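Undergrad: Input start.cif, format and content: mmCIF, N, CA and C atoms.
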```cif
data_target
loop_
_atom_site.group_PDB
_atom_site.id
_atom_site.type_symbol
_atom_site.label_atom_id
_atom_site.label_comp_id
_atom_site.auth_asym_id
_atom_site.auth_seq_id
_atom_site.Cartn_x
_atom_site.Cartn_y
_atom_site.Cartn_z
ATOM 1 N N MET M 114 -6.569 -17.366 -153.105
ATOM 2 C CA MET M 114 -7.788 -18.026 -152.682
ATOM 3 C C MET M 114 -7.857 -19.406 -153.340
ATOM 4 N N SER M 115 -8.488 -20.300 -152.620
ATOM 5 C CA SER M 115 -8.701 -21.661 -153.115
ATOM 6 C C SER M 115 -10.189 -21.976 -153.041
ATOM 7 N N ILE M 116 -10.582 -23.041 -153.695
ATOM 8 C CA ILE M 116 -11.963 -23.507 -153.650
ATOM 9 C C ILE M 116 -12.041 -24.636 -152.619
ATOM 10 N N PHE M 117 -13.003 -24.529 -151.708
ATOM 11 C CA PHE M 117 -13.211 -25.534 -150.676
ATOM 12 C C PHE M 117 -14.621 -26.091 -150.776
ATOM 13 N N GLN M 118 -14.758 -27.336 -150.356
ATOM 14 C CA GLN M 118 -16.076 -27.960 -150.274
ATOM 15 C C GLN M 118 -16.221 -28.526 -148.862
ATOM 16 N N ILE M 119 -17.366 -28.221 -148.246
ATOM 17 C CA ILE M 119 -17.634 -28.689 -146.891
ATOM 18 C C ILE M 119 -18.797 -29.674 -146.947
ATOM 19 N N ARG M 120 -18.572 -30.856 -146.359
ATOM 20 C CA ARG M 120 -19.591 -31.903 -146.287
ATOM 21 C C ARG M 120 -19.902 -32.216 -144.832
ATOM 22 N N GLN M 121 -21.111 -32.686 -144.601
ATOM 23 C CA GLN M 121 -21.467 -33.183 -143.276
ATOM 24 C C GLN M 121 -20.917 -34.605 -143.185
ATOM 25 N N LYS M 122 -20.164 -34.903 -142.136
ATOM 26 C CA LYS M 122 -19.528 -36.217 -142.007
ATOM 27 C C LYS M 122 -20.528 -37.360 -141.968
ATOM 28 N N THR M 123 -21.615 -37.198 -141.222
ATOM 29 C CA THR M 123 -22.531 -38.316 -141.029
ATOM 30 C C THR M 123 -23.314 -38.671 -142.285
ATOM 31 N N SER M 124 -23.726 -37.677 -143.060
ATOM 32 C CA SER M 124 -24.553 -37.962 -144.237
ATOM 33 C C SER M 124 -23.798 -37.849 -145.554
ATOM 34 N N GLY M 125 -22.682 -37.146 -145.545
ATOM 35 C CA GLY M 125 -21.946 -36.906 -146.782
ATOM 36 C C GLY M 125 -22.542 -35.787 -147.624
ATOM 37 N N ALA M 126 -23.579 -35.131 -147.104
ATOM 38 C CA ALA M 126 -24.225 -34.046 -147.842
ATOM 39 C C ALA M 126 -23.275 -32.868 -148.012
ATOM 40 N N ILE M 127 -23.261 -32.306 -149.206
ATOM 41 C CA ILE M 127 -22.458 -31.112 -149.457
ATOM 42 C C ILE M 127 -23.209 -29.923 -148.876
ATOM 43 N N LEU M 128 -22.559 -29.227 -147.949
ATOM 44 C CA LEU M 128 -23.177 -28.082 -147.289
ATOM 45 C C LEU M 128 -22.783 -26.764 -147.932
ATOM 46 N N TRP M 129 -21.582 -26.714 -148.503
ATOM 47 C CA TRP M 129 -21.093 -25.451 -149.057
ATOM 48 C C TRP M 129 -19.921 -25.727 -149.978
ATOM 49 N N THR M 130 -19.830 -24.968 -151.043
ATOM 50 C CA THR M 130 -18.666 -24.962 -151.925
ATOM 51 C C THR M 130 -18.397 -23.512 -152.290
ATOM 52 N N GLY M 131 -17.149 -23.088 -152.115
ATOM 53 C CA GLY M 131 -16.839 -21.706 -152.443
ATOM 54 C C GLY M 131 -15.378 -21.376 -152.231
ATOM 55 N N SER M 132 -15.068 -20.113 -152.450
ATOM 56 C CA SER M 132 -13.710 -19.616 -152.382
ATOM 57 C C SER M 132 -13.390 -19.120 -150.968
ATOM 58 N N ALA M 133 -12.198 -19.480 -150.488
ATOM 59 C CA ALA M 133 -11.758 -19.048 -149.156
ATOM 60 C C ALA M 133 -10.238 -19.144 -149.082
ATOM 61 N N GLU M 134 -9.679 -18.452 -148.081
ATOM 62 C CA GLU M 134 -8.229 -18.470 -147.874
ATOM 63 C C GLU M 134 -7.744 -19.808 -147.313
ATOM 64 N N ASP M 135 -8.531 -20.387 -146.386
ATOM 65 C CA ASP M 135 -8.138 -21.642 -145.740
ATOM 66 C C ASP M 135 -9.392 -22.336 -145.209
ATOM 67 N N GLU M 136 -9.202 -23.479 -144.553
ATOM 68 C CA GLU M 136 -10.339 -24.264 -144.058
ATOM 69 C C GLU M 136 -11.179 -23.488 -143.051
ATOM 70 N N ARG M 137 -10.543 -22.763 -142.176
ATOM 71 C CA ARG M 137 -11.256 -22.011 -141.130
ATOM 72 C C ARG M 137 -12.149 -20.934 -141.746
ATOM 73 N N THR M 138 -11.607 -20.191 -142.701
ATOM 74 C CA THR M 138 -12.418 -19.143 -143.324
ATOM 75 C C THR M 138 -13.516 -19.752 -144.197
ATOM 76 N N ALA M 139 -13.289 -20.954 -144.712
ATOM 77 C CA ALA M 139 -14.337 -21.649 -145.469
ATOM 78 C C ALA M 139 -15.499 -22.016 -144.543
ATOM 79 N N LEU M 140 -15.197 -22.529 -143.360
ATOM 80 C CA LEU M 140 -16.242 -22.856 -142.382
ATOM 81 C C LEU M 140 -17.014 -21.608 -141.962
ATOM 82 N N ASP M 141 -16.302 -20.512 -141.767
ATOM 83 C CA ASP M 141 -16.963 -19.256 -141.396
ATOM 84 C C ASP M 141 -17.860 -18.751 -142.529
ATOM 85 N N ALA M 142 -17.391 -18.868 -143.768
ATOM 86 C CA ALA M 142 -18.197 -18.433 -144.920
ATOM 87 C C ALA M 142 -19.464 -19.273 -145.034
ATOM 88 N N MET M 143 -19.343 -20.588 -144.828
ATOM 89 C CA MET M 143 -20.515 -21.469 -144.865
ATOM 90 C C MET M 143 -21.529 -21.030 -143.810
ATOM 91 N N ALA M 144 -21.046 -20.759 -142.597
ATOM 92 C CA ALA M 144 -21.928 -20.351 -141.506
ATOM 93 C C ALA M 144 -22.611 -19.017 -141.813
ATOM 94 N N ARG M 145 -21.858 -18.061 -142.358
ATOM 95 C CA ARG M 145 -22.452 -16.762 -142.696
ATOM 96 C C ARG M 145 -23.551 -16.912 -143.737
ATOM 97 N N GLU M 146 -23.336 -17.761 -144.737
ATOM 98 C CA GLU M 146 -24.368 -17.979 -145.757
ATOM 99 C C GLU M 146 -25.603 -18.636 -145.168
ATOM 100 N N ALA M 147 -25.443 -19.334 -144.051
ATOM 101 C CA ALA M 147 -26.578 -19.967 -143.381
ATOM 102 C C ALA M 147 -27.227 -19.031 -142.366
ATOM 103 N N GLY M 148 -26.696 -17.809 -142.231
ATOM 104 C CA GLY M 148 -27.301 -16.828 -141.346
ATOM 105 C C GLY M 148 -26.669 -16.690 -139.984
ATOM 106 N N TYR M 149 -25.511 -17.303 -139.774
ATOM 107 C CA TYR M 149 -24.807 -17.220 -138.495
ATOM 108 C C TYR M 149 -23.614 -16.270 -138.636
ATOM 109 N N PRO M 150 -23.158 -15.673 -137.536
ATOM 110 C CA PRO M 150 -22.023 -14.746 -137.626
ATOM 111 C C PRO M 150 -20.703 -15.431 -138.010
ATOM 112 N N ASP M 151 -20.508 -16.669 -137.567
ATOM 113 C CA ASP M 151 -19.319 -17.451 -137.911
ATOM 114 C C ASP M 151 -19.568 -18.902 -137.515
ATOM 115 N N SER M 152 -18.593 -19.767 -137.754
ATOM 116 C CA SER M 152 -18.790 -21.201 -137.514
ATOM 117 C C SER M 152 -18.946 -21.528 -136.028
ATOM 118 N N ALA M 153 -18.401 -20.698 -135.147
ATOM 119 C CA ALA M 153 -18.545 -20.932 -133.708
ATOM 120 C C ALA M 153 -19.988 -20.769 -133.256
ATOM 121 N N ALA M 154 -20.785 -20.042 -134.017
ATOM 122 C CA ALA M 154 -22.182 -19.794 -133.652
ATOM 123 C C ALA M 154 -23.135 -20.871 -134.172
ATOM 124 N N LEU M 155 -22.627 -21.847 -134.930
ATOM 125 C CA LEU M 155 -23.484 -22.923 -135.425
ATOM 126 C C LEU M 155 -24.032 -23.725 -134.246
ATOM 127 N N PRO M 156 -25.246 -24.255 -134.361
ATOM 128 C CA PRO M 156 -25.819 -25.045 -133.266
ATOM 129 C C PRO M 156 -24.936 -26.258 -132.926
ATOM 130 N N ASP M 157 -24.919 -26.610 -131.658
ATOM 131 C CA ASP M 157 -24.110 -27.736 -131.192
ATOM 132 C C ASP M 157 -24.457 -29.028 -131.922
ATOM 133 N N THR M 158 -25.738 -29.230 -132.216
ATOM 134 C CA THR M 158 -26.146 -30.464 -132.890
ATOM 135 C C THR M 158 -25.534 -30.570 -134.284
ATOM 136 N N LEU M 159 -25.424 -29.454 -134.961
ATOM 137 C CA LEU M 159 -24.821 -29.455 -136.297
ATOM 138 C C LEU M 159 -23.313 -29.678 -136.205
ATOM 139 N N ARG M 160 -22.668 -28.987 -135.281
ATOM 140 C CA ARG M 160 -21.219 -29.149 -135.123
ATOM 141 C C ARG M 160 -20.866 -30.542 -134.627
ATOM 142 N N ALA M 161 -21.733 -31.148 -133.809
ATOM 143 C CA ALA M 161 -21.474 -32.486 -133.282
ATOM 144 C C ALA M 161 -21.458 -33.530 -134.396
ATOM 145 N N ALA M 162 -22.230 -33.305 -135.454
ATOM 146 C CA ALA M 162 -22.248 -34.233 -136.579
ATOM 147 C C ALA M 162 -20.920 -34.207 -137.337
ATOM 148 N N GLY M 163 -20.204 -33.106 -137.226
ATOM 149 C CA GLY M 163 -18.885 -32.992 -137.829
ATOM 150 C C GLY M 163 -18.919 -32.534 -139.273
ATOM 151 N N PHE M 164 -17.814 -31.940 -139.687
ATOM 152 C CA PHE M 164 -17.656 -31.445 -141.046
ATOM 153 C C PHE M 164 -16.384 -32.019 -141.646
ATOM 154 N N GLU M 165 -16.395 -32.236 -142.933
ATOM 155 C CA GLU M 165 -15.189 -32.575 -143.689
ATOM 156 C C GLU M 165 -14.953 -31.422 -144.657
ATOM 157 N N THR M 166 -13.818 -30.789 -144.544
ATOM 158 C CA THR M 166 -13.494 -29.671 -145.417
ATOM 159 C C THR M 166 -12.387 -30.109 -146.357
ATOM 160 N N ALA M 167 -12.658 -30.008 -147.657
ATOM 161 C CA ALA M 167 -11.677 -30.440 -148.649
ATOM 162 C C ALA M 167 -11.313 -29.282 -149.568
ATOM 163 N N LYS M 168 -10.043 -29.140 -149.825
ATOM 164 C CA LYS M 168 -9.576 -28.163 -150.795
ATOM 165 C C LYS M 168 -9.649 -28.809 -152.170
ATOM 166 N N LEU M 169 -10.375 -28.171 -153.072
ATOM 167 C CA LEU M 169 -10.526 -28.729 -154.413
ATOM 168 C C LEU M 169 -9.472 -28.118 -155.320
ATOM 169 N N ASP M 170 -8.584 -28.926 -155.826
ATOM 170 C CA ASP M 170 -7.562 -28.469 -156.756
ATOM 171 C C ASP M 170 -8.076 -28.702 -158.161
ATOM 172 N N LEU M 171 -8.701 -27.675 -158.696
ATOM 173 C CA LEU M 171 -9.281 -27.765 -160.037
ATOM 174 C C LEU M 171 -8.276 -27.290 -161.072
ATOM 175 N N ILE M 172 -8.118 -28.082 -162.082
ATOM 176 C CA ILE M 172 -7.205 -27.716 -163.175
ATOM 177 C C ILE M 172 -8.049 -27.488 -164.418
ATOM 178 N N SER M 173 -7.848 -26.337 -165.050
ATOM 179 C CA SER M 173 -8.638 -26.043 -166.250
ATOM 180 C C SER M 173 -7.848 -26.312 -167.502
#
```
As structure tokens - that is how I would like this structure written.
TA:
Amino acid sequence: MSIFQIRQKTSGAILWTGSAEDERTALDAMAREAGYPDSAALPDTLRAAGFETAKLDLIS
């Protein structure tokens, strides 16, 4: 598992940070935490704004 951070492209707001296998599962996890079954169920207006998903390589 890796740590991912998802931002809204238009505002740069951080929408979610957490552990996931890949970018797709990170988007699905963000959507589930927001009350949706997966990222495909997010409202069109939110998806139209776009997301930036970044893998955070944290070194301790």
Undergrad: Report, in Å to a single decimal, how far apart atom CA of M:Gln118 and atom CA of M:Ala147 are.
TA: 14.9 Å
Undergrad: Just give me the gap between atom C of M:Asp170 and atom CA of M:Met114 in Å, one decimal is fine.
TA: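 Answer for the atom C of M:Asp170 to atom CA of M:Met114 separation: 12.0 Å.
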Undergrad: Padding 6 Å on every side, please: axis-aligned box over the listed atoms of stretch 123-126 of chain M, centre and edge lengths to one decimal in Å, as lines of an AutoDock Vina configuration file.
TA:
```
center_x = -23.1
center_y = -35.8
center_z = -144.5
size_x = 14.9
size_y = 17.8
size_z = 19.0
```
Undergrad: Against stretch 125-128 of chain M, which residues of stretch 137-173 of chain M fall within 10 Å? For each one I want the closest pair of atoms and the distance in Å (one decimal), counting only C-alpha atoms, rows by chain and increasing residue number, as a tab-separated table.
TA:
```
residue	atom	partner	partner_atom	distance
M:Leu140	CA	M:Leu128	CA	10.0
M:Met143	CA	M:Leu128	CA	7.5
M:Ala144	CA	M:Leu128	CA	9.7
M:Ala147	CA	M:Leu128	CA	9.6
M:Phe164	CA	M:Leu128	CA	9.0
M:Glu165	CA	M:Gly125	CA	8.6
M:Thr166	CA	M:Ile127	CA	9.9
```
Undergrad: With N, CA and C atoms retained, export the selected residues as a tab-separated table (two decimals), keeping the file's coordinate frame.
TA:
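Everything below was put into again_36.tsv:
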```
chain	number	residue	atom	x	y	z
M	140	LEU	N	-15.20	-22.53	-143.36
M	140	LEU	CA	-16.24	-22.86	-142.38
M	140	LEU	C	-17.01	-21.61	-141.96
M	143	MET	N	-19.34	-20.59	-144.83
M	143	MET	CA	-20.52	-21.47	-144.86
M	143	MET	C	-21.53	-21.03	-143.81
M	144	ALA	N	-21.05	-20.76	-142.60
M	144	ALA	CA	-21.93	-20.35	-141.51
M	144	ALA	C	-22.61	-19.02	-141.81
M	147	ALA	N	-25.44	-19.33	-144.05
M	147	ALA	CA	-26.58	-19.97	-143.38
M	147	ALA	C	-27.23	-19.03	-142.37
M	164	PHE	N	-17.81	-31.94	-139.69
M	164	PHE	CA	-17.66	-31.44	-141.05
M	164	PHE	C	-16.38	-32.02	-141.65
M	165	GLU	N	-16.40	-32.24	-142.93
M	165	GLU	CA	-15.19	-32.58	-143.69
M	165	GLU	C	-14.95	-31.42	-144.66
M	166	THR	N	-13.82	-30.79	-144.54
M	166	THR	CA	-13.49	-29.67	-145.42
M	166	THR	C	-12.39	-30.11	-146.36
```
Undergrad: Using the chain letters and numbers from this document, which residues of chain M does DSSP assign to helix (DSSP H, G or I), as a list in words?
TA: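 DSSP-assigned helix (DSSP H, G or I) residues in chain M: Glu136, Arg137, Thr138, Ala139, Leu140, Asp141, Ala142, Met143, Ala144, Arg145, Glu146, Ser152, Ala153, Ala154, Asp157, Thr158, Leu159, Arg160, Ala161 and Ala162 of chain M.
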Undergrad: Within 8 Å of M:Asp135, counting all atoms listed in the file, which residues qualify if same-chain residues fewer than 3 places away don't, as a list in words?
TA: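 The contact residues come out as Met114, Ser115, Phe117, Ser132, Thr138, Ala139, Leu140 and Asp141 of chain M.
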Undergrad: Distance atom CA of M:Asp151-atom N of M:Ile119, one decimal place?
TA: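 Result for atom CA of M:Asp151 versus atom N of M:Ile119: 15.1 Å, one decimal.
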Undergrad: Among chain M, which residues does DSSP mark as strand (DSSP E or B) when it is run on the backbone? Keep the chain and numbering as in the structure and answer as a PyMOL selection string.
TA: chain M and resi 115-121+127-133+164-169
Undergrad: Nearest residue to M:Arg137 out of M:Thr158, M:Lys168, M:Tyr149, M:Lys122, using only C-alpha atoms?
TA: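 Closest candidate: M:Lys168.
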